[in-house]
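*Asks:* Would you mind keeping the following structure in view while I ask a few things?
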Number of protein chains: 2
Amino acid sequence: MTGIGKKKATIYDLSILSGASPSTVSAVLNGSWRKRRIKEATAQLIRQLANEHGYTANLQARGLRSSRSGLVGLLLPVHDNRYFSSMAQSFEAQVRSRGQCPLVVSACRDPEEERQVVETLISYSIDELFIAGATDPDGVHKVCEKAGLKHVNIDLPGTLAPSIISDNYEGARMLTQAIIERALEDGPLSPDDLYLFGGRNDHASHERIRGFRDVKRASLGADPDVCIQPTGYSPAMTARAFEAFYEDHGKLPRAFFVNSSINLEGLMRFLALHPHETFADIIVGCYDYDPFGSFLPFPVFMIRQDSDAMITKGFAILDADRRPPTTHLVRPSLVPPRTALIGPLDALKDIE
Amino acid sequence: MTGIGKKKATIYDLSILSGASPSTVSAVLNGSWRKRRIKEATAQLIRQLANEHGYTANLQARGLRSSRSGLVGLLLPVHDNRYFSSMAQSFEAQVRSRGQCPLVVSACRDPEEERQVVETLISYSIDELFIAGATDPDGVHKVCEKAGLKHVNIDLPGTLAPSIISDNYEGARMLTQAIIERALEDGPLSPDDLYLFGGRNDHASHERIRGFRDVKRASLGADPDVCIQPTGYSPAMTARAFEAFYEDHGKLPRAFFVNSSINLEGLMRFLALHPHETFADIIVGCYDYDPFGSFLPFPVFMIRQDSDAMITKGFAILDADRRPPTTHLVRPSLVPPRTALIGPLDALKDIE
DNA sequence: CTTTTTTGCACAATCGATGGTGCAATGACT
DNA sequence: AGTCATTGCACCATCGATTGTGCAAAAAAG
């Protein structure tokens with residue numbers, strides 16, 4: 001009703017307008033007024049004035065006073081990836097439904113950047129922090145602990161804080177199994193025909209590689225080290241690994257396990273430079289789900305990690321305030337080729 | 001060095017430790033100390049103490065006092081999409097490099113939610129806001145204006161604030177042209193063979209449809225209304241539209257323009273339910289780039305929108321403080337099938 | 001050795017909301 | 001009428017940093 005471009009109304013403004021004291025106004029507007037035995041009529045009046053003037057609390061002031069901000073942070077390695085952006089989407093929804101404000105930031109897999117970003121978040125007095133896919137979870141943990149900030153690790157575990165991670169071993173087993181079965185349909189598969197690309201020196205990669213090797217050894221009888229090609233988490237490095245293999249062998253492996261959708265992007269870069277015959281018969285497994293990746297012109301088995309469940313569990317742990325740094329496994333699911341799963345987008349209303 | 005779990009140090013703590021007054025400490029630590037003629041030695045001492053005790057400013061307090069927070073907001077429709085997540089990635093990088101803190105939130109294309117989210121951001125005294133793909137940019141504008149918050153529209157224009165958008169008309173022309181040329185390689189193309197799916201009643205859709213129709217009419221001589229199928233921005237609705245077409249015609253159109261990668265997901269859902277022959281010969285154009293979408297088992301032309309340039313321009317406009325709500329067009333680029341572009345991920349260091 | 005100028009800093013108000021404490025007015029009860 | 005409990009609210013300190021102002025002490029000028 002009022003001002004255009006004017007300063008925002010404060011409890012002091014409403015205090016003058018209503019004739020009540022600022023603390024009364026505050027109590028009415030933050031809900032603690034019953035406890036303070038404010039008359040219903042007074043509350044009514046103040047609420048009405050607040051509405052008329054479009055009052056909204058200054059959350060910085062509230063946060064300063066109460067040393068809680070209503071902000072919940074999610075630290076991501078990167079945004080630009082379906083796994084993490086889907087996690088961000090779930091995170092936002094859950095934080096909102098708890099009446100808090102989500103703050104999603106990425107730290108580019110740089111340990112120093114991670115710590116610094118978290119320092120910044122702490123300066124805003126965030127209430128809780130989800131650390132997803134951190135390169136150095138324990139480093140971040142220390143920063144949080146010093147500030148007394150509750151936090152959990154998601155996706156990559158730390159040793160010092162509770163962690164919720166995908167059951168990478170089981171997921172990798174499922175995926176490897178699926179790849180092998182599918183490859184056997186086309187004829188016998190030698191151990192040299194099945195490779196793994198991507199990942200690096202982190203817990204998730206280790207577990208996935210372990211699952212891959214266990215199943216491979218059990219099914220194919222052998223598991224040569226050369227078939228494991230950890231390339232880091234970069235499309236460029238992954239593409240180089242495919243390129244190198246191709247140089248050596250004149251073709252790609254018949255079947256392979258790709259550690260993440262980021263690595264799968266590396267495969268795309270390789271494909272862009274080579275004719276279709278190069279990969280007409282390959283069979284791919286990717287430890288991540290991407291709706292378009294699932295429809296590539298060769299069979300792609302994918303693993304869908306349940307990031308929504310991870311976030312839910314994360315809140316449960318934070319709420320329970322369990323201290324021991326336990327690790328919780330969340331089962332992922334296998335997605336056969338040519339599958340379009342519904343995602344968080346489907347929750348949006350789009351009438352038309 | 002100090003406390004584990006202790007409260008964070010404040011300027012008052014450092015004031016006691018150093019023997020200087022809080023205001024001196026503040027001045028030293030926020031850089032305004034030269035102006036205040038603080039002795040170099042005093043500054044040294046305070047900085048050292050600050051380091052030792054891991055002091056970081058309480059940004060809520062600072063924000064409260066100075067009514068600036070150092071936060072810059074980006075309002076997104078959704079995270080879970082390469083176009084927007086890539087924009088988030090660029091945004092983060094640019095905000096960081098300006099020494100501010102990015103705050104990325106999504107509002108699910110819900111006008112009410114958009115306004116509410118922005119209200120919340122305003123309560124945190126954010127300094128600037130980028131409004132990307134808002135359903136109701138002018139509604140958001142009013143909220144911002146009332147609070148005196150500087151803002152720009154990205155991707156979808158408003159009439160009341162400066163807007164930076166993709167040159168949708170030109171992009172659509174390029175894309176349509178490319179589809180037609182490619183289709184003609186397989187034989188003559190009738191106007192009934194070229195459809196457009198997706199989009200709704202927004203500026204971007206209008207412009208894209210206009211570009212599509214103009215090129216189509218010029219190239220194919222006609223442009224029946226039935227070939228335009230606005231399905232909204234939802235995979236499910238889009239899938240239904242493909243399904244409906246298929247029911248009627250027993251096949252998909254030979255060639256079609258898909259309004260966004262979200263709509264392209266709808267195509268994936270259709271594909272999942274039908275055999276390969278159904279779409280063996282289709283030619284697709286998608287107004288968005290997705291690295292996996294580019295390698296689907298049929299030719300997919302894509303448009304890559306330059307979100308990084310849009311953000312850059314956005315900051316330029318905010319910095320220049322130009323008031324007139326002008327609209328700036330940013331040229332997108334055409335991406336031929338089977339192309340793996342490098343993206344923000346490639347900026348990450350990943351040594352190994 | 002004064003007077004003026006400069007240097008170096010302390011003081012105190014302020015941003016907006018919160019919550020403990022105290023106190024007047026009202027009603028209940030003896 | 002006097003005592004006591006209850007109701008309804010105002011007052012004030014506080015969170016941590018910023019900033020305008022004032023004032024000694026040191027340095028420069030006379």
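Residue numbers start at 1 in each chain; chains themselves are named A, B, ... in the order of the structure tokens; ligands are numbered from 1 in the order shown.
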Excluding stretch 25-27 of chain C and residues on its chain fewer than 4 positions from it, collect all residues at most 10 Å away from it, counting only C-alpha atoms (C1' of nucleotides), and give them as a PyMOL selection string.

*Replies:* chain D and resi 5-8

*Asks:* Do a neighbour search on B:Gly63 at 9 Å with only C-alpha atoms (C1' of nucleotides), toss out local chain neighbours closer than 3 positions, and write the hits as a VMD selection string.

*Replies:* (chain A and resid 60 to 61) or (chain B and resid 58 to 60 66 to 70 124 to 125) or (chain C and resid 15) or (chain D and resid 17)

*Asks:* Write the selection just made, keeping C-alpha atoms (C1' of nucleotides), as a PDB file, in the first residue's frame?

*Replies:*
```pdb
ATOM      1  CA  GLN A  60      20.269 -10.316   9.275  1.00  0.00           C
ATOM      2  CA  ALA A  61      19.213  -8.560  12.422  1.00  0.00           C
TER       3      ALA A  61
ATOM      4  CA  ASN B  58      30.451 -11.672  11.288  1.00  0.00           C
ATOM      5  CA  LEU B  59      28.846 -10.830   8.006  1.00  0.00           C
ATOM      6  CA  GLN B  60      25.390 -10.607   9.463  1.00  0.00           C
ATOM      7  CA  SER B  66      25.847  -1.275   6.462  1.00  0.00           C
ATOM      8  CA  SER B  67      22.629  -2.644   4.959  1.00  0.00           C
ATOM      9  CA  ARG B  68      24.694  -4.411   2.378  1.00  0.00           C
ATOM     10  CA  SER B  69      25.389  -8.092   2.665  1.00  0.00           C
ATOM     11  CA  GLY B  70      27.846  -9.023  -0.035  1.00  0.00           C
ATOM     12  CA  TYR B 124      18.896 -11.103   3.874  1.00  0.00           C
ATOM     13  CA  SER B 125      19.723  -7.732   2.348  1.00  0.00           C
TER      14      SER B 125
ATOM     15  C1'  DC C  15      21.540  -1.093  12.224  1.00  0.00           C
TER      16       DC C  15
ATOM     17  C1'  DA D  17      30.427  -4.399  13.108  1.00  0.00           C
TER      18       DA D  17
END
```

*Asks:* Taking only C-alpha atoms (C1' of nucleotides) into account, what are the residues of chain B at most 8 Å from chain D, put as a list of chain:residue names?

*Replies:*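 The complete set of qualifying residues is B:Thr10, B:Ile11, B:Ser23, B:Ser26, B:Ala57, B:Asn58, B:Ala61, B:Arg62, B:Arg65, B:Ser66.
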
*Asks:* Export N, CA and C atoms of the chosen residues as a PDB file, in the first residue's frame?

*Replies:*
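So the final result, stored in selection_36.pdb, reads:
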```pdb
ATOM      1  N   THR B  10      35.608 -12.030  18.046  1.00  0.00           N
ATOM      2  CA  THR B  10      34.978 -10.822  17.536  1.00  0.00           C
ATOM      3  C   THR B  10      35.975  -9.670  17.638  1.00  0.00           C
ATOM      4  N   ILE B  11      35.593  -8.553  17.102  1.00  0.00           N
ATOM      5  CA  ILE B  11      36.487  -7.411  17.216  1.00  0.00           C
ATOM      6  C   ILE B  11      36.680  -7.013  18.671  1.00  0.00           C
ATOM      7  N   SER B  23      36.682  -0.082  17.554  1.00  0.00           N
ATOM      8  CA  SER B  23      36.569   0.613  16.271  1.00  0.00           C
ATOM      9  C   SER B  23      37.893   0.582  15.527  1.00  0.00           C
ATOM     10  N   SER B  26      38.162  -2.864  14.064  1.00  0.00           N
ATOM     11  CA  SER B  26      37.278  -2.939  12.908  1.00  0.00           C
ATOM     12  C   SER B  26      37.908  -2.275  11.691  1.00  0.00           C
ATOM     13  N   ALA B  57      35.087 -11.829  10.046  1.00  0.00           N
ATOM     14  CA  ALA B  57      34.017 -10.896  10.400  1.00  0.00           C
ATOM     15  C   ALA B  57      32.674 -11.602  10.419  1.00  0.00           C
ATOM     16  N   ASN B  58      31.825 -11.204  11.297  1.00  0.00           N
ATOM     17  CA  ASN B  58      30.451 -11.672  11.288  1.00  0.00           C
ATOM     18  C   ASN B  58      29.695 -10.865  10.231  1.00  0.00           C
ATOM     19  N   ALA B  61      26.374  -9.127  11.074  1.00  0.00           N
ATOM     20  CA  ALA B  61      26.511  -7.868  11.793  1.00  0.00           C
ATOM     21  C   ALA B  61      26.911  -6.769  10.828  1.00  0.00           C
ATOM     22  N   ARG B  62      27.887  -7.094  10.002  1.00  0.00           N
ATOM     23  CA  ARG B  62      28.312  -6.094   9.035  1.00  0.00           C
ATOM     24  C   ARG B  62      27.158  -5.688   8.134  1.00  0.00           C
ATOM     25  N   ARG B  65      24.594  -3.474   9.858  1.00  0.00           N
ATOM     26  CA  ARG B  65      25.044  -2.103  10.025  1.00  0.00           C
ATOM     27  C   ARG B  65      25.075  -1.353   8.686  1.00  0.00           C
ATOM     28  N   SER B  66      25.617  -2.010   7.701  1.00  0.00           N
ATOM     29  CA  SER B  66      25.847  -1.275   6.462  1.00  0.00           C
ATOM     30  C   SER B  66      24.717  -1.485   5.449  1.00  0.00           C
TER      31      SER B  66
END
```

*Asks:* Enumerate the residues of stretch 103-268 of chain A with a DSSP assignment of strand (DSSP E or B), computed from the backbone, and present them as a ChimeraX atom specification.

*Replies:* /A:103-106,128-132,150-154,163-166,194-197,199,228-229,232,255-258

*Asks:* Which residue out of C:DA24, C:DC29, C:DA17, C:DA10 has the minimum interatomic distance to chain A when only C-alpha atoms (C1' of nucleotides) are used?

*Replies:*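 That would be C:DA17, the residue with the smallest distance to chain A.
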
*Asks:* Per residue of stretch 237-280 of chain B within 10 Å of stretch 200-208 of chain B, what are the shortest atom pair and its distance in Å to one decimal, counting only C-alpha atoms, with rows by chain and residue number, as a tab-separated table?

*Replies:*
```
residue	atom	partner	partner_atom	distance
B:Phe257	CA	B:Arg208	CA	9.6
B:Asn259	CA	B:Ser205	CA	7.2
B:Ser260	CA	B:Ser205	CA	9.4
```

*Asks:* If you keep all heavy atoms, can you produce a file of those selected residues as a short mmCIF file (atom, residue, chain, number, x, y, z; two decimals), in the first residue's frame?

*Replies:*
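Result file part07.cif:
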```
data_model
loop_
_atom_site.label_atom_id
_atom_site.label_comp_id
_atom_site.auth_asym_id
_atom_site.auth_seq_id
_atom_site.Cartn_x
_atom_site.Cartn_y
_atom_site.Cartn_z
N PHE B 257 11.55 -29.34 -34.21
CA PHE B 257 12.24 -28.33 -33.40
C PHE B 257 11.71 -28.52 -31.99
O PHE B 257 10.49 -28.48 -31.78
CB PHE B 257 11.86 -26.97 -33.98
CG PHE B 257 12.45 -25.75 -33.33
CD1 PHE B 257 13.20 -24.85 -34.09
CD2 PHE B 257 12.23 -25.46 -31.99
CE1 PHE B 257 13.72 -23.69 -33.52
CE2 PHE B 257 12.75 -24.31 -31.42
CZ PHE B 257 13.49 -23.43 -32.17
N ASN B 259 11.67 -27.10 -28.17
CA ASN B 259 11.86 -25.76 -27.62
C ASN B 259 12.93 -25.62 -26.53
O ASN B 259 13.42 -24.54 -26.28
CB ASN B 259 10.53 -25.26 -27.07
CG ASN B 259 10.59 -23.79 -26.73
OD1 ASN B 259 10.82 -22.97 -27.60
ND2 ASN B 259 10.46 -23.48 -25.46
N SER B 260 13.25 -26.70 -25.86
CA SER B 260 14.26 -26.62 -24.80
C SER B 260 14.69 -28.02 -24.41
O SER B 260 14.05 -28.99 -24.78
CB SER B 260 13.70 -25.92 -23.57
OG SER B 260 12.91 -26.84 -22.84
#
```

*Asks:* Residues within 6 Å of stretch 133-141 of chain A, please, as a PyMOL selection string. Count only C-alpha atoms (C1' of nucleotides); anything in the same chain fewer than 4 positions from it doesn't count.

*Replies:* chain A and resi 109+111+115+145+155-156+158

*Asks:* Using DSSP on the backbone, list every residue of stretch 103-262 of chain A that comes out as alpha helix (DSSP H), and give them as an NGL selection string.

*Replies:* :A and (111-123 or 137-146 or 168-184 or 203-220 or 235-249 or 261-262)

*Asks:* Just the number, please: distance in Å from atom CA of A:Gln48 to atom C1' of C:DG22, one decimal.

*Replies:*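 Computing it gives 28.9 Å between the two atoms.
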
*Asks:* Residues of chain C within 9 Å of chain B, counting only C-alpha atoms (C1' of nucleotides) - could you list those as a PyMOL selection string?

*Replies:* chain C and resi 7-10+14-16

*Asks:* Could you check the closest approach to chain A for each of B:His151, B:Arg173, B:His274, B:Arg304 and tell me which residue wins, using only C-alpha atoms?

*Replies:*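 Of all the options, B:His274 lies closest to chain A.
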
*Asks:* Please identify all polymer residues within 9 Å of B:Ser18, counting only C-alpha atoms (C1' of nucleotides), omitting same-chain residues fewer than 2 positions from it, and present them as a PyMOL selection string.

*Replies:* chain B and resi 13-16+20-21+25+42+45-46+49
